[in-house]
$ cat start08.cif   # mmCIF, N, CA and C atoms
data_entry
#
loop_
_atom_site.group_PDB
_atom_site.id
_atom_site.type_symbol
_atom_site.label_atom_id
_atom_site.label_comp_id
_atom_site.auth_asym_id
_atom_site.auth_seq_id
_atom_site.Cartn_x
_atom_site.Cartn_y
_atom_site.Cartn_z
ATOM 1 N N MET A 1 44.045 -130.869 23.396
ATOM 2 C CA MET A 1 44.222 -131.354 22.046
ATOM 3 C C MET A 1 44.840 -130.265 21.160
ATOM 4 N N ALA A 2 44.378 -129.056 21.265
ATOM 5 C CA ALA A 2 44.896 -127.984 20.431
ATOM 6 C C ALA A 2 46.095 -127.347 21.122
ATOM 7 N N GLY A 3 47.270 -127.530 20.530
ATOM 8 C CA GLY A 3 48.487 -126.989 21.108
ATOM 9 C C GLY A 3 48.795 -125.609 20.569
ATOM 10 N N GLN A 4 50.029 -125.173 20.760
ATOM 11 C CA GLN A 4 50.462 -123.865 20.293
ATOM 12 C C GLN A 4 50.376 -123.726 18.779
ATOM 13 N N ALA A 5 50.605 -124.810 18.051
ATOM 14 C CA ALA A 5 50.599 -124.729 16.587
ATOM 15 C C ALA A 5 49.240 -124.319 16.062
ATOM 16 N N PHE A 6 48.160 -124.702 16.731
ATOM 17 C CA PHE A 6 46.830 -124.366 16.245
ATOM 18 C C PHE A 6 46.489 -122.911 16.489
ATOM 19 N N LYS A 7 47.168 -122.275 17.416
ATOM 20 C CA LYS A 7 46.957 -120.856 17.633
ATOM 21 C C LYS A 7 47.584 -120.049 16.502
ATOM 22 N N ARG A 8 48.570 -120.637 15.840
ATOM 23 C CA ARG A 8 49.230 -119.951 14.735
ATOM 24 C C ARG A 8 48.737 -120.422 13.375
ATOM 25 N N PHE A 9 47.943 -121.499 13.341
ATOM 26 C CA PHE A 9 47.462 -122.054 12.079
ATOM 27 C C PHE A 9 45.945 -122.061 12.072
ATOM 28 N N LEU A 10 45.354 -121.342 11.132
ATOM 29 C CA LEU A 10 43.904 -121.305 10.974
ATOM 30 C C LEU A 10 43.582 -121.626 9.521
ATOM 31 N N PRO A 11 42.811 -122.678 9.264
ATOM 32 C CA PRO A 11 42.439 -122.990 7.878
ATOM 33 C C PRO A 11 41.639 -121.842 7.263
ATOM 34 N N LEU A 12 41.803 -121.652 5.973
ATOM 35 C CA LEU A 12 41.088 -120.593 5.269
ATOM 36 C C LEU A 12 39.816 -121.128 4.628
ATOM 37 N N PHE A 13 38.881 -120.236 4.379
ATOM 38 C CA PHE A 13 37.616 -120.519 3.697
ATOM 39 C C PHE A 13 36.883 -121.682 4.366
ATOM 40 N N ASP A 14 36.571 -122.727 3.611
ATOM 41 C CA ASP A 14 35.795 -123.843 4.158
ATOM 42 C C ASP A 14 36.676 -125.045 4.464
ATOM 43 N N ARG A 15 37.954 -124.813 4.732
ATOM 44 C CA ARG A 15 38.873 -125.917 5.029
ATOM 45 C C ARG A 15 38.718 -126.366 6.482
ATOM 46 N N VAL A 16 38.943 -127.671 6.697
ATOM 47 C CA VAL A 16 38.841 -128.272 8.027
ATOM 48 C C VAL A 16 40.119 -129.054 8.289
ATOM 49 N N LEU A 17 40.780 -128.799 9.419
ATOM 50 C CA LEU A 17 41.989 -129.516 9.806
ATOM 51 C C LEU A 17 41.583 -130.641 10.746
ATOM 52 N N VAL A 18 41.964 -131.880 10.388
ATOM 53 C CA VAL A 18 41.574 -133.040 11.190
ATOM 54 C C VAL A 18 42.790 -133.861 11.580
ATOM 55 N N GLU A 19 42.633 -134.614 12.668
ATOM 56 C CA GLU A 19 43.646 -135.572 13.108
ATOM 57 C C GLU A 19 43.004 -136.945 13.030
ATOM 58 N N ARG A 20 43.588 -137.826 12.212
ATOM 59 C CA ARG A 20 43.021 -139.160 12.039
ATOM 60 C C ARG A 20 43.090 -139.940 13.344
ATOM 61 N N VAL A 21 42.057 -140.748 13.593
ATOM 62 C CA VAL A 21 42.019 -141.618 14.762
ATOM 63 C C VAL A 21 43.016 -142.748 14.527
ATOM 64 N N ALA A 22 43.751 -143.127 15.554
ATOM 65 C CA ALA A 22 44.756 -144.187 15.426
ATOM 66 C C ALA A 22 44.081 -145.522 15.125
ATOM 67 N N ALA A 23 44.710 -146.315 14.266
ATOM 68 C CA ALA A 23 44.184 -147.636 13.917
ATOM 69 C C ALA A 23 44.307 -148.572 15.107
ATOM 70 N N GLU A 24 43.337 -149.455 15.235
ATOM 71 C CA GLU A 24 43.380 -150.411 16.339
ATOM 72 C C GLU A 24 44.472 -151.442 16.080
ATOM 73 N N THR A 25 45.266 -151.710 17.110
ATOM 74 C CA THR A 25 46.362 -152.665 16.965
ATOM 75 C C THR A 25 46.057 -153.989 17.641
ATOM 76 N N VAL A 26 44.973 -154.034 18.414
ATOM 77 C CA VAL A 26 44.590 -155.253 19.122
ATOM 78 C C VAL A 26 43.102 -155.501 18.882
ATOM 79 N N THR A 27 42.732 -156.741 18.562
ATOM 80 C CA THR A 27 41.327 -157.077 18.363
ATOM 81 C C THR A 27 40.614 -157.178 19.715
ATOM 82 N N LYS A 28 39.303 -157.319 19.675
ATOM 83 C CA LYS A 28 38.536 -157.456 20.913
ATOM 84 C C LYS A 28 38.935 -158.709 21.674
ATOM 85 N N GLY A 29 39.405 -159.740 20.958
ATOM 86 C CA GLY A 29 39.842 -160.972 21.593
ATOM 87 C C GLY A 29 41.263 -160.916 22.114
ATOM 88 N N GLY A 30 41.972 -159.786 21.897
ATOM 89 C CA GLY A 30 43.318 -159.623 22.418
ATOM 90 C C GLY A 30 44.423 -160.007 21.453
ATOM 91 N N ILE A 31 44.088 -160.250 20.188
ATOM 92 C CA ILE A 31 45.094 -160.633 19.194
ATOM 93 C C ILE A 31 45.748 -159.372 18.632
ATOM 94 N N MET A 32 47.071 -159.348 18.625
ATOM 95 C CA MET A 32 47.821 -158.218 18.067
ATOM 96 C C MET A 32 47.756 -158.271 16.547
ATOM 97 N N LEU A 33 47.418 -157.144 15.919
ATOM 98 C CA LEU A 33 47.333 -157.076 14.464
ATOM 99 C C LEU A 33 48.630 -156.542 13.883
ATOM 100 N N PRO A 34 49.151 -157.177 12.818
ATOM 101 C CA PRO A 34 50.318 -156.610 12.146
ATOM 102 C C PRO A 34 49.918 -155.327 11.415
ATOM 103 N N GLU A 35 50.889 -154.487 11.152
ATOM 104 C CA GLU A 35 50.622 -153.176 10.553
ATOM 105 C C GLU A 35 49.918 -153.281 9.200
ATOM 106 N N LYS A 36 50.264 -154.290 8.404
ATOM 107 C CA LYS A 36 49.667 -154.428 7.072
ATOM 108 C C LYS A 36 48.187 -154.763 7.110
ATOM 109 N N SER A 37 47.741 -155.455 8.127
ATOM 110 C CA SER A 37 46.343 -155.871 8.169
ATOM 111 C C SER A 37 45.455 -154.913 8.970
ATOM 112 N N GLN A 38 45.991 -153.805 9.433
ATOM 113 C CA GLN A 38 45.193 -152.866 10.221
ATOM 114 C C GLN A 38 44.205 -152.088 9.357
ATOM 115 N N GLY A 39 44.552 -151.812 8.117
ATOM 116 C CA GLY A 39 43.653 -151.051 7.256
ATOM 117 C C GLY A 39 43.745 -149.560 7.515
ATOM 118 N N LYS A 40 43.171 -148.806 6.598
ATOM 119 C CA LYS A 40 43.205 -147.358 6.693
ATOM 120 C C LYS A 40 42.037 -146.871 7.550
ATOM 121 N N VAL A 41 42.273 -145.865 8.355
ATOM 122 C CA VAL A 41 41.252 -145.327 9.247
ATOM 123 C C VAL A 41 40.554 -144.167 8.544
ATOM 124 N N PHE A 42 39.224 -144.202 8.555
ATOM 125 C CA PHE A 42 38.448 -143.158 7.888
ATOM 126 C C PHE A 42 37.799 -142.202 8.877
ATOM 127 N N GLN A 43 38.072 -142.370 10.172
ATOM 128 C CA GLN A 43 37.537 -141.474 11.185
ATOM 129 C C GLN A 43 38.608 -140.480 11.594
ATOM 130 N N ALA A 44 38.167 -139.275 11.941
ATOM 131 C CA ALA A 44 39.108 -138.247 12.379
ATOM 132 C C ALA A 44 38.395 -137.295 13.334
ATOM 133 N N THR A 45 39.201 -136.582 14.109
ATOM 134 C CA THR A 45 38.689 -135.567 15.022
ATOM 135 C C THR A 45 39.038 -134.196 14.459
ATOM 136 N N VAL A 46 38.078 -133.302 14.431
ATOM 137 C CA VAL A 46 38.285 -131.946 13.916
ATOM 138 C C VAL A 46 39.060 -131.147 14.955
ATOM 139 N N VAL A 47 40.175 -130.531 14.531
ATOM 140 C CA VAL A 47 40.989 -129.744 15.462
ATOM 141 C C VAL A 47 40.980 -128.251 15.137
ATOM 142 N N ALA A 48 40.631 -127.872 13.907
ATOM 143 C CA ALA A 48 40.532 -126.456 13.539
ATOM 144 C C ALA A 48 39.612 -126.321 12.331
ATOM 145 N N VAL A 49 38.884 -125.208 12.265
ATOM 146 C CA VAL A 49 37.908 -124.991 11.204
ATOM 147 C C VAL A 49 38.080 -123.586 10.648
ATOM 148 N N GLY A 50 37.995 -123.461 9.333
ATOM 149 C CA GLY A 50 38.030 -122.152 8.693
ATOM 150 C C GLY A 50 36.718 -121.406 8.925
ATOM 151 N N PRO A 51 36.691 -120.099 8.625
ATOM 152 C CA PRO A 51 35.508 -119.288 8.939
ATOM 153 C C PRO A 51 34.261 -119.656 8.120
ATOM 154 N N ASP A 52 34.337 -119.673 6.801
ATOM 155 C CA ASP A 52 33.204 -119.990 5.944
ATOM 156 C C ASP A 52 33.645 -119.902 4.495
ATOM 157 N N SER A 53 32.720 -120.147 3.587
ATOM 158 C CA SER A 53 33.029 -119.983 2.169
ATOM 159 C C SER A 53 31.975 -119.093 1.533
ATOM 160 N N ARG A 54 32.356 -118.431 0.462
ATOM 161 C CA ARG A 54 31.421 -117.572 -0.267
ATOM 162 C C ARG A 54 31.274 -118.107 -1.684
ATOM 163 N N VAL A 55 30.069 -118.054 -2.182
ATOM 164 C CA VAL A 55 29.810 -118.477 -3.559
ATOM 165 C C VAL A 55 29.777 -117.245 -4.444
ATOM 166 N N LYS A 56 29.651 -117.439 -5.753
ATOM 167 C CA LYS A 56 29.759 -116.330 -6.705
ATOM 168 C C LYS A 56 28.760 -115.206 -6.459
ATOM 169 N N ASN A 57 27.553 -115.539 -6.007
ATOM 170 C CA ASN A 57 26.554 -114.478 -5.797
ATOM 171 C C ASN A 57 26.717 -113.763 -4.452
ATOM 172 N N GLY A 58 27.725 -114.131 -3.661
ATOM 173 C CA GLY A 58 28.015 -113.462 -2.403
ATOM 174 C C GLY A 58 27.428 -114.118 -1.174
ATOM 175 N N ASP A 59 26.637 -115.165 -1.347
ATOM 176 C CA ASP A 59 26.080 -115.864 -0.193
ATOM 177 C C ASP A 59 27.187 -116.531 0.617
ATOM 178 N N VAL A 60 27.002 -116.565 1.930
ATOM 179 C CA VAL A 60 27.968 -117.188 2.830
ATOM 180 C C VAL A 60 27.447 -118.567 3.218
ATOM 181 N N HIS A 61 28.307 -119.573 3.086
ATOM 182 C CA HIS A 61 27.975 -120.931 3.502
ATOM 183 C C HIS A 61 28.842 -121.279 4.708
ATOM 184 N N PRO A 62 28.253 -121.398 5.905
ATOM 185 C CA PRO A 62 29.062 -121.738 7.083
ATOM 186 C C PRO A 62 29.549 -123.181 7.008
ATOM 187 N N VAL A 63 30.627 -123.456 7.721
ATOM 188 C CA VAL A 63 31.195 -124.793 7.771
ATOM 189 C C VAL A 63 30.267 -125.678 8.610
ATOM 190 N N ASN A 64 30.068 -126.926 8.186
ATOM 191 C CA ASN A 64 29.104 -127.827 8.817
ATOM 192 C C ASN A 64 29.621 -128.548 10.051
ATOM 193 N N VAL A 65 30.924 -128.513 10.322
ATOM 194 C CA VAL A 65 31.480 -129.225 11.476
ATOM 195 C C VAL A 65 32.110 -128.225 12.434
ATOM 196 N N GLN A 66 32.306 -128.678 13.678
ATOM 197 C CA GLN A 66 32.904 -127.826 14.687
ATOM 198 C C GLN A 66 34.079 -128.553 15.328
ATOM 199 N N VAL A 67 34.944 -127.804 15.978
ATOM 200 C CA VAL A 67 36.120 -128.371 16.637
ATOM 201 C C VAL A 67 35.675 -129.385 17.684
ATOM 202 N N GLY A 68 36.342 -130.551 17.678
ATOM 203 C CA GLY A 68 36.051 -131.595 18.647
ATOM 204 C C GLY A 68 35.127 -132.687 18.122
ATOM 205 N N GLU A 69 34.458 -132.466 17.006
ATOM 206 C CA GLU A 69 33.550 -133.476 16.463
ATOM 207 C C GLU A 69 34.335 -134.575 15.758
ATOM 208 N N THR A 70 33.766 -135.777 15.726
ATOM 209 C CA THR A 70 34.361 -136.900 15.010
ATOM 210 C C THR A 70 33.660 -137.020 13.666
ATOM 211 N N VAL A 71 34.453 -137.083 12.591
ATOM 212 C CA VAL A 71 33.897 -137.081 11.240
ATOM 213 C C VAL A 71 34.349 -138.314 10.464
ATOM 214 N N LEU A 72 33.635 -138.599 9.381
ATOM 215 C CA LEU A 72 33.960 -139.687 8.477
ATOM 216 C C LEU A 72 34.602 -139.091 7.235
ATOM 217 N N LEU A 73 35.788 -139.596 6.881
ATOM 218 C CA LEU A 73 36.556 -139.056 5.758
ATOM 219 C C LEU A 73 36.471 -139.968 4.541
ATOM 220 N N PRO A 74 36.692 -139.407 3.351
ATOM 221 C CA PRO A 74 36.768 -140.262 2.168
ATOM 222 C C PRO A 74 38.053 -141.080 2.177
ATOM 223 N N GLU A 75 38.084 -142.121 1.351
ATOM 224 C CA GLU A 75 39.257 -142.995 1.309
ATOM 225 C C GLU A 75 40.491 -142.251 0.804
ATOM 226 N N TYR A 76 40.305 -141.397 -0.177
ATOM 227 C CA TYR A 76 41.422 -140.641 -0.741
ATOM 228 C C TYR A 76 41.142 -139.155 -0.602
ATOM 229 N N GLY A 77 42.206 -138.364 -0.631
ATOM 230 C CA GLY A 77 42.038 -136.920 -0.590
ATOM 231 C C GLY A 77 42.659 -136.324 0.651
ATOM 232 N N GLY A 78 42.545 -135.036 0.755
ATOM 233 C CA GLY A 78 43.111 -134.318 1.884
ATOM 234 C C GLY A 78 44.570 -133.956 1.632
ATOM 235 N N THR A 79 45.006 -132.919 2.284
ATOM 236 C CA THR A 79 46.385 -132.457 2.189
ATOM 237 C C THR A 79 47.061 -132.677 3.527
ATOM 238 N N LYS A 80 48.176 -133.407 3.504
ATOM 239 C CA LYS A 80 48.894 -133.703 4.740
ATOM 240 C C LYS A 80 49.623 -132.456 5.230
ATOM 241 N N VAL A 81 49.469 -132.171 6.522
ATOM 242 C CA VAL A 81 50.124 -131.033 7.160
ATOM 243 C C VAL A 81 50.796 -131.555 8.424
ATOM 244 N N VAL A 82 52.069 -131.202 8.634
ATOM 245 C CA VAL A 82 52.792 -131.622 9.832
ATOM 246 C C VAL A 82 52.933 -130.412 10.752
ATOM 247 N N LEU A 83 52.343 -130.528 11.959
ATOM 248 C CA LEU A 83 52.433 -129.481 12.968
ATOM 249 C C LEU A 83 52.896 -130.130 14.265
ATOM 250 N N GLU A 84 53.917 -129.571 14.867
ATOM 251 C CA GLU A 84 54.470 -130.096 16.122
ATOM 252 C C GLU A 84 54.763 -131.586 16.015
ATOM 253 N N ASP A 85 55.354 -132.009 14.905
ATOM 254 C CA ASP A 85 55.756 -133.397 14.645
ATOM 255 C C ASP A 85 54.577 -134.378 14.646
ATOM 256 N N LYS A 86 53.380 -133.906 14.387
ATOM 257 C CA LYS A 86 52.203 -134.768 14.269
ATOM 258 C C LYS A 86 51.580 -134.548 12.896
ATOM 259 N N ASP A 87 50.997 -135.617 12.344
ATOM 260 C CA ASP A 87 50.370 -135.536 11.029
ATOM 261 C C ASP A 87 48.903 -135.140 11.156
ATOM 262 N N TYR A 88 48.522 -134.133 10.402
ATOM 263 C CA TYR A 88 47.140 -133.681 10.312
ATOM 264 C C TYR A 88 46.793 -133.611 8.841
ATOM 265 N N TYR A 89 45.501 -133.490 8.543
ATOM 266 C CA TYR A 89 45.054 -133.439 7.157
ATOM 267 C C TYR A 89 44.043 -132.314 6.988
ATOM 268 N N LEU A 90 44.150 -131.601 5.860
ATOM 269 C CA LEU A 90 43.219 -130.537 5.512
ATOM 270 C C LEU A 90 42.232 -131.066 4.480
ATOM 271 N N PHE A 91 40.955 -130.898 4.747
ATOM 272 C CA PHE A 91 39.900 -131.274 3.825
ATOM 273 C C PHE A 91 38.981 -130.089 3.618
ATOM 274 N N ARG A 92 38.338 -130.037 2.461
ATOM 275 C CA ARG A 92 37.261 -129.068 2.260
ATOM 276 C C ARG A 92 36.047 -129.569 3.028
ATOM 277 N N ASP A 93 35.230 -128.645 3.481
ATOM 278 C CA ASP A 93 34.029 -129.018 4.226
ATOM 279 C C ASP A 93 33.140 -129.949 3.398
ATOM 280 N N GLY A 94 33.046 -129.724 2.112
ATOM 281 C CA GLY A 94 32.215 -130.547 1.241
ATOM 282 C C GLY A 94 32.765 -131.941 1.006
ATOM 283 N N ASP A 95 34.059 -132.163 1.281
ATOM 284 C CA ASP A 95 34.666 -133.482 1.089
ATOM 285 C C ASP A 95 34.411 -134.414 2.270
ATOM 286 N N ILE A 96 34.043 -133.865 3.411
ATOM 287 C CA ILE A 96 33.778 -134.692 4.588
ATOM 288 C C ILE A 96 32.444 -135.389 4.376
ATOM 289 N N LEU A 97 32.433 -136.707 4.566
ATOM 290 C CA LEU A 97 31.260 -137.519 4.249
ATOM 291 C C LEU A 97 30.163 -137.444 5.297
ATOM 292 N N GLY A 98 30.516 -137.247 6.539
ATOM 293 C CA GLY A 98 29.514 -137.182 7.599
ATOM 294 C C GLY A 98 30.174 -136.970 8.943
ATOM 295 N N LYS A 99 29.329 -136.800 9.969
ATOM 296 C CA LYS A 99 29.863 -136.649 11.324
ATOM 297 C C LYS A 99 29.078 -137.555 12.258
ATOM 298 N N TYR A 100 29.769 -138.007 13.292
ATOM 299 C CA TYR A 100 29.172 -138.910 14.267
ATOM 300 C C TYR A 100 28.496 -138.085 15.363
ATOM 301 N N THR A 101 27.305 -138.528 15.768
ATOM 302 C CA THR A 101 26.597 -137.840 16.833
ATOM 303 C C THR A 101 26.576 -138.719 18.074
ATOM 304 N N ALA A 102 26.393 -138.108 19.208
ATOM 305 C CA ALA A 102 26.410 -138.850 20.477
ATOM 306 C C ALA A 102 25.144 -139.631 20.699
#

$ encode --input "start08.cif" --output "structure tokens"
Amino acid sequence: MAGQAFKRFLPLFDRVLVERVAAETVTKGGIMLPEKSQGKVFQATVVAVGPDSRVKNGDVHPVNVQVGETVLLPEYGGTKVVLEDKDYYLFRDGDILGKYTA
């Protein structure tokens, strides 16, 4: 999953680089969905994580997610980043709504 671009790109502070999960194009019954009715995907896979963040008093707050985890994203937000002709998004650790557990 992590190609050469991720070796050269490391998010700073509490930033998390994610790759959105592809929208489903076929229903469980086998019906093909048109692009307009697919909806926006709020799940993503973490591909890179910044080291941590510091608050004014000097305390260190580690990032809550790790590479490879699946997370729930807000409807809006994030900064689009294009690496190796693929779209990724940068979010602050605090903007991520939750993570999925096995």

$ residues_around --input "start08.cif" --residues "Lys99 in chain A" --least-positions-apart "2" --cutoff "7 Å" --atoms "only C-alpha atoms" --output "PyMOL selection string"
chain A and resi 70-72+101

$ closest_residue --input "start08.cif" --among "A:Val46, A:Val21, A:Val82, A:Leu73" --to "Ile96 in chain A" --atoms "all atoms listed in the file"
A:Leu73

$ axis_aligned_box --input "start08.cif" --around "range 6-21 of chain A" --padding-each-side "3 Å" --output "JSON"
{"center_x": 42.5, "center_y": -131.3, "center_z": 10.6, "size_x": 19.4, "size_y": 28.8, "size_z": 20.0}

$ atom_distance --input "start08.cif" --atom1 "CA of Pro74 in chain A" --atom2 "atom C of Phe42 in chain A"
7.1 Å

$ residues_around --input "start08.cif" --residues "Glu19 in chain A" --least-positions-apart "6" --cutoff "7 Å" --atoms "all atoms listed in the file" --output "MDAnalysis selection string"
chainID A and resid 43:47 87:89

$ closest_residue --input "start08.cif" --among "A:Asp93, A:Val49, A:Val41, A:Asp85" --to "Gln66 in chain A" --atoms "all atoms listed in the file"
A:Val49

$ closest_residue --input "start08.cif" --among "A:Val81, A:Val55, A:Ala48, A:Ile31" --to "Leu17 in chain A" --atoms "all atoms listed in the file"
A:Ala48

$ select_by_dssp --input "start08.cif" --residues "chain A" --states "strand (DSSP E)" --output "MDAnalysis selection string"
chainID A and resid 15:20 43:49 52:54 60:62 70:72 79:83 86:92 98:99

$ write_last_selection --input "start08.cif" --atoms "N, CA and C atoms" --output "mmCIF file, keeping the file's coordinate frame"
data_model
loop_
_atom_site.group_PDB
_atom_site.id
_atom_site.type_symbol
_atom_site.label_atom_id
_atom_site.label_comp_id
_atom_site.auth_asym_id
_atom_site.auth_seq_id
_atom_site.Cartn_x
_atom_site.Cartn_y
_atom_site.Cartn_z
ATOM 1 N N ARG A 15 37.954 -124.813 4.732
ATOM 2 C CA ARG A 15 38.873 -125.917 5.029
ATOM 3 C C ARG A 15 38.718 -126.366 6.482
ATOM 4 N N VAL A 16 38.943 -127.671 6.697
ATOM 5 C CA VAL A 16 38.841 -128.272 8.027
ATOM 6 C C VAL A 16 40.119 -129.054 8.289
ATOM 7 N N LEU A 17 40.780 -128.799 9.419
ATOM 8 C CA LEU A 17 41.989 -129.516 9.806
ATOM 9 C C LEU A 17 41.583 -130.641 10.746
ATOM 10 N N VAL A 18 41.964 -131.880 10.388
ATOM 11 C CA VAL A 18 41.574 -133.040 11.190
ATOM 12 C C VAL A 18 42.790 -133.861 11.580
ATOM 13 N N GLU A 19 42.633 -134.614 12.668
ATOM 14 C CA GLU A 19 43.646 -135.572 13.108
ATOM 15 C C GLU A 19 43.004 -136.945 13.030
ATOM 16 N N ARG A 20 43.588 -137.826 12.212
ATOM 17 C CA ARG A 20 43.021 -139.160 12.039
ATOM 18 C C ARG A 20 43.090 -139.940 13.344
ATOM 19 N N GLN A 43 38.072 -142.370 10.172
ATOM 20 C CA GLN A 43 37.537 -141.474 11.185
ATOM 21 C C GLN A 43 38.608 -140.480 11.594
ATOM 22 N N ALA A 44 38.167 -139.275 11.941
ATOM 23 C CA ALA A 44 39.108 -138.247 12.379
ATOM 24 C C ALA A 44 38.395 -137.295 13.334
ATOM 25 N N THR A 45 39.201 -136.582 14.109
ATOM 26 C CA THR A 45 38.689 -135.567 15.022
ATOM 27 C C THR A 45 39.038 -134.196 14.459
ATOM 28 N N VAL A 46 38.078 -133.302 14.431
ATOM 29 C CA VAL A 46 38.285 -131.946 13.916
ATOM 30 C C VAL A 46 39.060 -131.147 14.955
ATOM 31 N N VAL A 47 40.175 -130.531 14.531
ATOM 32 C CA VAL A 47 40.989 -129.744 15.462
ATOM 33 C C VAL A 47 40.980 -128.251 15.137
ATOM 34 N N ALA A 48 40.631 -127.872 13.907
ATOM 35 C CA ALA A 48 40.532 -126.456 13.539
ATOM 36 C C ALA A 48 39.612 -126.321 12.331
ATOM 37 N N VAL A 49 38.884 -125.208 12.265
ATOM 38 C CA VAL A 49 37.908 -124.991 11.204
ATOM 39 C C VAL A 49 38.080 -123.586 10.648
ATOM 40 N N ASP A 52 34.337 -119.673 6.801
ATOM 41 C CA ASP A 52 33.204 -119.990 5.944
ATOM 42 C C ASP A 52 33.645 -119.902 4.495
ATOM 43 N N SER A 53 32.720 -120.147 3.587
ATOM 44 C CA SER A 53 33.029 -119.983 2.169
ATOM 45 C C SER A 53 31.975 -119.093 1.533
ATOM 46 N N ARG A 54 32.356 -118.431 0.462
ATOM 47 C CA ARG A 54 31.421 -117.572 -0.267
ATOM 48 C C ARG A 54 31.274 -118.107 -1.684
ATOM 49 N N VAL A 60 27.002 -116.565 1.930
ATOM 50 C CA VAL A 60 27.968 -117.188 2.830
ATOM 51 C C VAL A 60 27.447 -118.567 3.218
ATOM 52 N N HIS A 61 28.307 -119.573 3.086
ATOM 53 C CA HIS A 61 27.975 -120.931 3.502
ATOM 54 C C HIS A 61 28.842 -121.279 4.708
ATOM 55 N N PRO A 62 28.253 -121.398 5.905
ATOM 56 C CA PRO A 62 29.062 -121.738 7.083
ATOM 57 C C PRO A 62 29.549 -123.181 7.008
ATOM 58 N N THR A 70 33.766 -135.777 15.726
ATOM 59 C CA THR A 70 34.361 -136.900 15.010
ATOM 60 C C THR A 70 33.660 -137.020 13.666
ATOM 61 N N VAL A 71 34.453 -137.083 12.591
ATOM 62 C CA VAL A 71 33.897 -137.081 11.240
ATOM 63 C C VAL A 71 34.349 -138.314 10.464
ATOM 64 N N LEU A 72 33.635 -138.599 9.381
ATOM 65 C CA LEU A 72 33.960 -139.687 8.477
ATOM 66 C C LEU A 72 34.602 -139.091 7.235
ATOM 67 N N THR A 79 45.006 -132.919 2.284
ATOM 68 C CA THR A 79 46.385 -132.457 2.189
ATOM 69 C C THR A 79 47.061 -132.677 3.527
ATOM 70 N N LYS A 80 48.176 -133.407 3.504
ATOM 71 C CA LYS A 80 48.894 -133.703 4.740
ATOM 72 C C LYS A 80 49.623 -132.456 5.230
ATOM 73 N N VAL A 81 49.469 -132.171 6.522
ATOM 74 C CA VAL A 81 50.124 -131.033 7.160
ATOM 75 C C VAL A 81 50.796 -131.555 8.424
ATOM 76 N N VAL A 82 52.069 -131.202 8.634
ATOM 77 C CA VAL A 82 52.792 -131.622 9.832
ATOM 78 C C VAL A 82 52.933 -130.412 10.752
ATOM 79 N N LEU A 83 52.343 -130.528 11.959
ATOM 80 C CA LEU A 83 52.433 -129.481 12.968
ATOM 81 C C LEU A 83 52.896 -130.130 14.265
ATOM 82 N N LYS A 86 53.380 -133.906 14.387
ATOM 83 C CA LYS A 86 52.203 -134.768 14.269
ATOM 84 C C LYS A 86 51.580 -134.548 12.896
ATOM 85 N N ASP A 87 50.997 -135.617 12.344
ATOM 86 C CA ASP A 87 50.370 -135.536 11.029
ATOM 87 C C ASP A 87 48.903 -135.140 11.156
ATOM 88 N N TYR A 88 48.522 -134.133 10.402
ATOM 89 C CA TYR A 88 47.140 -133.681 10.312
ATOM 90 C C TYR A 88 46.793 -133.611 8.841
ATOM 91 N N TYR A 89 45.501 -133.490 8.543
ATOM 92 C CA TYR A 89 45.054 -133.439 7.157
ATOM 93 C C TYR A 89 44.043 -132.314 6.988
ATOM 94 N N LEU A 90 44.150 -131.601 5.860
ATOM 95 C CA LEU A 90 43.219 -130.537 5.512
ATOM 96 C C LEU A 90 42.232 -131.066 4.480
ATOM 97 N N PHE A 91 40.955 -130.898 4.747
ATOM 98 C CA PHE A 91 39.900 -131.274 3.825
ATOM 99 C C PHE A 91 38.981 -130.089 3.618
ATOM 100 N N ARG A 92 38.338 -130.037 2.461
ATOM 101 C CA ARG A 92 37.261 -129.068 2.260
ATOM 102 C C ARG A 92 36.047 -129.569 3.028
ATOM 103 N N GLY A 98 30.516 -137.247 6.539
ATOM 104 C CA GLY A 98 29.514 -137.182 7.599
ATOM 105 C C GLY A 98 30.174 -136.970 8.943
ATOM 106 N N LYS A 99 29.329 -136.800 9.969
ATOM 107 C CA LYS A 99 29.863 -136.649 11.324
ATOM 108 C C LYS A 99 29.078 -137.555 12.258
#

$ closest_residue --input "start08.cif" --among "A:Val26, A:Met32, A:Ala102, A:Leu83" --to "Glu69 in chain A" --atoms "only C-alpha atoms"
A:Ala102

$ resolve_selection --input "start08.cif" --expression "the PyMOL selection byres (((chain A and resi 51 and name CA) around 7) and name CA)" --output "JSON, numbers by chain"
{"A": [12, 13, 14, 49, 50, 52]}

$ residues_near_point --input "start08.cif" --point "(34.6, -126.9, 5.2)" --cutoff "5 Å" --atoms "only N, CA and C atoms" --output "list in words"
Asp14, Arg15, Val16, Val63, Arg92, Asp93 and Gly94 of chain A

$ atom_distance --input "start08.cif" --atom1 "atom N of Val65 in chain A" --atom2 "CA of Arg8 in chain A"
20.7 Å

$ closest_residue --input "start08.cif" --among "A:Gly29, A:Asp59, A:Phe9, A:Asn64" --to "Gly98 in chain A" --atoms "only C-alpha atoms"
A:Asn64

$ atom_distance --input "start08.cif" --atom1 "atom C of Val18 in chain A" --atom2 "atom N of Leu90 in chain A"
6.3 Å
